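What follows is one structure encoded as structure tokens, with my remarks underneath.
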Amino acid sequence: QVRLVESGGGLVQAGGSLRLACAASRSIFNFNAMGWYRQAPGKQRELVATITTGGSTNYVDSVKGRFTISRDNAKNTVYLQMNSLKPEDTAVYYCNAQKWENDYWGQGTQVTVSS
């Protein structure tokens with residue numbers, strides 16, 4: 001088990017930036033991958049970005065070139081730097097930790113981008 005706590009969400013104007021953080025209650029080396037997902041009202045949860053233990057990253061096409069996922073192993077924390085935000089990025093953002101067939105989730109943090 002692991003506890004994941006997200007922070008850094010908020011209200012920002014289009015074109016602005018936010019940095020999300022996900023603090024894990026134990027070493028993130030325990031997990032095959034860490035990631036960020038989001039869920040907008042009336043829509044399914046979707047993958048935003050993932051990062052493996054080895055540092056390989058993957059992004060959904062809609063955020064490529066604008067978002068950057070990173071990890072600080074010493075702090076057991078994963079970040080999502082979000083630049084050039086758009087209204088369509090508005091959603092609840094969830095941190096995810098994956099180990100083999102098991103998924104662990106944080107409680108989510110709201111990101112709202114105004115036009």
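The chains in the structure tokens are called A, B, ... from first to last as shown; in each chain the residues are counted from 1, and the ligands are counted from 1 in the order shown.
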Fill in: Shell of 10 Å around Pro87 of chain A, only C-alpha atoms, local chain residues under 2 positions omitted, as a list in words
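Non-adjacent residues within range: Val12, Gln13, Ala14, Gly15, Leu85, Asp89, Thr90, Ala91, Val111, Thr112, Val113, Ser114 and Ser115 of chain A.
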I'd like the neighbourhood of Gly55 of chain A as a list in words, where a residue qualifies if any of its atoms comes within 12 Å (using only C-alpha atoms), though same-chain residues fewer than 4 positions away should be ignored.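 Near neighbours after the sequence-gap exclusion: Ile28, Phe29, Asn32, Ala33, Met34, Gly35, Thr50, Ile51, Ile69, Ser70, Arg71, Asp72, Asn73 and Val78 of chain A.
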Please, could you write that set of residues out with N, CA, C and O atoms as a PDB file, in the first residue's frame?
```
ATOM      1  N   ILE A  28       9.277   5.649  -4.197  1.00  0.00           N
ATOM      2  CA  ILE A  28       8.664   5.459  -5.514  1.00  0.00           C
ATOM      3  C   ILE A  28       9.466   4.488  -6.370  1.00  0.00           C
ATOM      4  O   ILE A  28       9.029   4.102  -7.446  1.00  0.00           O
ATOM      5  N   PHE A  29      10.632   4.070  -5.881  1.00  0.00           N
ATOM      6  CA  PHE A  29      11.377   3.017  -6.561  1.00  0.00           C
ATOM      7  C   PHE A  29      10.614   1.696  -6.519  1.00  0.00           C
ATOM      8  O   PHE A  29      10.883   0.797  -7.310  1.00  0.00           O
ATOM      9  N   ASN A  32       6.644   0.380 -10.741  1.00  0.00           N
ATOM     10  CA  ASN A  32       7.127   0.293 -12.119  1.00  0.00           C
ATOM     11  C   ASN A  32       7.036   1.645 -12.820  1.00  0.00           C
ATOM     12  O   ASN A  32       7.874   1.991 -13.646  1.00  0.00           O
ATOM     13  N   ALA A  33       5.957   2.364 -12.493  1.00  0.00           N
ATOM     14  CA  ALA A  33       5.750   3.660 -13.127  1.00  0.00           C
ATOM     15  C   ALA A  33       4.883   4.536 -12.232  1.00  0.00           C
ATOM     16  O   ALA A  33       4.082   4.039 -11.436  1.00  0.00           O
ATOM     17  N   MET A  34       5.083   5.828 -12.385  1.00  0.00           N
ATOM     18  CA  MET A  34       4.235   6.826 -11.743  1.00  0.00           C
ATOM     19  C   MET A  34       3.601   7.648 -12.847  1.00  0.00           C
ATOM     20  O   MET A  34       4.194   7.827 -13.918  1.00  0.00           O
ATOM     21  N   GLY A  35       2.411   8.167 -12.578  1.00  0.00           N
ATOM     22  CA  GLY A  35       1.772   8.922 -13.640  1.00  0.00           C
ATOM     23  C   GLY A  35       0.739   9.903 -13.154  1.00  0.00           C
ATOM     24  O   GLY A  35       0.399   9.951 -11.964  1.00  0.00           O
ATOM     25  N   THR A  50       3.184   9.622 -17.988  1.00  0.00           N
ATOM     26  CA  THR A  50       3.758   8.626 -17.092  1.00  0.00           C
ATOM     27  C   THR A  50       5.282   8.717 -17.136  1.00  0.00           C
ATOM     28  O   THR A  50       5.864   9.211 -18.110  1.00  0.00           O
ATOM     29  N   ILE A  51       5.904   8.218 -16.061  1.00  0.00           N
ATOM     30  CA  ILE A  51       7.350   8.155 -16.001  1.00  0.00           C
ATOM     31  C   ILE A  51       7.728   6.854 -15.296  1.00  0.00           C
ATOM     32  O   ILE A  51       7.172   6.520 -14.246  1.00  0.00           O
ATOM     33  N   ILE A  69       6.579  15.748 -17.124  1.00  0.00           N
ATOM     34  CA  ILE A  69       6.544  14.936 -15.905  1.00  0.00           C
ATOM     35  C   ILE A  69       7.979  14.670 -15.453  1.00  0.00           C
ATOM     36  O   ILE A  69       8.872  14.468 -16.277  1.00  0.00           O
ATOM     37  N   SER A  70       8.183  14.709 -14.146  1.00  0.00           N
ATOM     38  CA  SER A  70       9.516  14.447 -13.608  1.00  0.00           C
ATOM     39  C   SER A  70       9.372  13.805 -12.234  1.00  0.00           C
ATOM     40  O   SER A  70       8.269  13.786 -11.660  1.00  0.00           O
ATOM     41  N   ARG A  71      10.492  13.292 -11.722  1.00  0.00           N
ATOM     42  CA  ARG A  71      10.434  12.637 -10.424  1.00  0.00           C
ATOM     43  C   ARG A  71      11.668  13.011  -9.609  1.00  0.00           C
ATOM     44  O   ARG A  71      12.747  13.188 -10.170  1.00  0.00           O
ATOM     45  N   ASP A  72      11.473  13.132  -8.316  1.00  0.00           N
ATOM     46  CA  ASP A  72      12.566  13.357  -7.370  1.00  0.00           C
ATOM     47  C   ASP A  72      12.564  12.159  -6.433  1.00  0.00           C
ATOM     48  O   ASP A  72      11.761  12.098  -5.499  1.00  0.00           O
ATOM     49  N   ASN A  73      13.440  11.215  -6.696  1.00  0.00           N
ATOM     50  CA  ASN A  73      13.421   9.964  -5.928  1.00  0.00           C
ATOM     51  C   ASN A  73      13.763  10.192  -4.450  1.00  0.00           C
ATOM     52  O   ASN A  73      13.230   9.512  -3.578  1.00  0.00           O
ATOM     53  N   VAL A  78       6.596  13.034  -7.404  1.00  0.00           N
ATOM     54  CA  VAL A  78       6.482  13.163  -8.856  1.00  0.00           C
ATOM     55  C   VAL A  78       5.818  14.491  -9.157  1.00  0.00           C
ATOM     56  O   VAL A  78       4.874  14.892  -8.464  1.00  0.00           O
TER      57      VAL A  78
END
```
Using only C-alpha atoms, find each residue in segment 34-90 of chain A having at least one atom no more than 8 Å away from segment 16-22 of chain A; report its shortest atom-to-atom pair and that distance in Å (one decimal), rows by chain then rising number, as CSV.
```
residue,atom,partner,partner_atom,distance
A:Thr77,CA,A:Cys22,CA,5.4
A:Val78,CA,A:Cys22,CA,5.1
A:Tyr79,CA,A:Ala21,CA,4.5
A:Leu80,CA,A:Leu20,CA,5.0
A:Gln81,CA,A:Arg19,CA,4.5
A:Met82,CA,A:Leu18,CA,5.2
A:Asn83,CA,A:Ser17,CA,4.4
A:Ser84,CA,A:Gly16,CA,5.5
A:Leu85,CA,A:Gly16,CA,5.5
```
- Taking the DSSP assignment computed from this structure's backbone, write out as a PyMOL selection string all residues of chain A that belong to strand (DSSP E or B). chain A and resi 4-7+10-13+18-24+33-39+46-52+57-59+67-72+77-82+91-99+102-105+109-114
Please dump the current selection as a tab-separated table (two decimals), in the first residue's frame; keep C-alpha atoms.
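What follows is the written file result28.tsv:
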```
chain	number	residue	atom	x	y	z
A	4	LEU	CA	-0.40	9.49	-2.64
A	5	VAL	CA	-1.10	13.15	-1.91
A	6	GLU	CA	-1.46	15.65	-4.73
A	7	SER	CA	-0.99	19.39	-4.43
A	10	GLY	CA	-5.86	25.87	-8.66
A	11	LEU	CA	-7.37	28.47	-10.94
A	12	VAL	CA	-5.24	29.94	-13.71
A	13	GLN	CA	-5.85	31.94	-16.87
A	18	LEU	CA	0.88	25.33	-12.78
A	19	ARG	CA	3.09	22.73	-11.17
A	20	LEU	CA	1.44	19.70	-9.60
A	21	ALA	CA	3.22	17.56	-7.03
A	22	CYS	CA	2.45	14.03	-5.85
A	23	ALA	CA	4.07	12.98	-2.59
A	24	ALA	CA	4.21	9.25	-1.91
A	33	ALA	CA	5.75	3.66	-13.13
A	34	MET	CA	4.24	6.83	-11.74
A	35	GLY	CA	1.77	8.92	-13.64
A	36	TRP	CA	-0.80	11.65	-13.86
A	37	TYR	CA	-4.35	11.15	-15.09
A	38	ARG	CA	-7.20	13.63	-15.37
A	39	GLN	CA	-10.96	13.55	-15.45
A	46	GLU	CA	-7.57	9.77	-19.22
A	47	LEU	CA	-3.85	9.31	-19.07
A	48	VAL	CA	-1.86	12.55	-19.15
A	49	ALA	CA	1.73	11.45	-18.57
A	50	THR	CA	3.76	8.63	-17.09
A	51	ILE	CA	7.35	8.15	-16.00
A	52	THR	CA	9.05	4.84	-15.33
A	57	THR	CA	8.25	9.30	-20.19
A	58	ASN	CA	5.04	9.11	-22.14
A	59	TYR	CA	2.45	11.82	-22.85
A	67	PHE	CA	3.52	19.42	-19.96
A	68	THR	CA	6.57	17.80	-18.40
A	69	ILE	CA	6.54	14.94	-15.91
A	70	SER	CA	9.52	14.45	-13.61
A	71	ARG	CA	10.43	12.64	-10.42
A	72	ASP	CA	12.57	13.36	-7.37
A	77	THR	CA	7.67	12.97	-5.27
A	78	VAL	CA	6.48	13.16	-8.86
A	79	TYR	CA	5.78	16.47	-10.55
A	80	LEU	CA	3.76	17.65	-13.51
A	81	GLN	CA	4.83	21.01	-14.90
A	82	MET	CA	1.99	22.40	-16.99
A	91	ALA	CA	-10.10	18.65	-14.86
A	92	VAL	CA	-9.37	16.87	-11.62
A	93	TYR	CA	-5.81	15.59	-11.86
A	94	TYR	CA	-4.96	12.30	-10.15
A	95	CYS	CA	-1.61	10.82	-9.26
A	96	ASN	CA	-1.12	7.13	-10.01
A	97	ALA	CA	1.43	4.57	-8.88
A	98	GLN	CA	1.61	1.27	-10.73
A	99	LYS	CA	3.23	-1.95	-9.60
A	102	ASN	CA	-1.86	-3.03	-8.94
A	103	ASP	CA	-2.81	0.63	-9.26
A	104	TYR	CA	-2.81	3.17	-6.46
A	105	TRP	CA	-4.49	6.57	-6.66
A	109	THR	CA	-6.46	18.05	-7.24
A	110	GLN	CA	-8.65	20.45	-9.24
A	111	VAL	CA	-7.15	22.42	-12.10
A	112	THR	CA	-9.34	25.10	-13.64
A	113	VAL	CA	-8.21	27.12	-16.64
A	114	SER	CA	-10.25	30.20	-17.47
```
Between atom CA of Lys86 of chain A and atom CA of Gly106 of chain A lies a distance of 23.5 Å
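Our summary of the geometry notes that atom CA of Gly42 of chain A is positioned 19.9 Å from atom CA of Val63 of chain A.
Residues of segment 19-86 of chain A that DSSP, applied to the backbone, places in helix (DSSP H, G or I): Ile28, Phe29, Asn30, Asp61, Ser62, Val63, Asn73, Ala74 and Lys75 of chain A.
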Check: If you measure from atom CA of Glu88 of chain A to atom CA of Ala40 of chain A, what distance in Å do you get, rounded to one decimal?
Finding: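 Taking atom CA of Glu88 of chain A and atom CA of Ala40 of chain A, their separation equals 8.6 Å.
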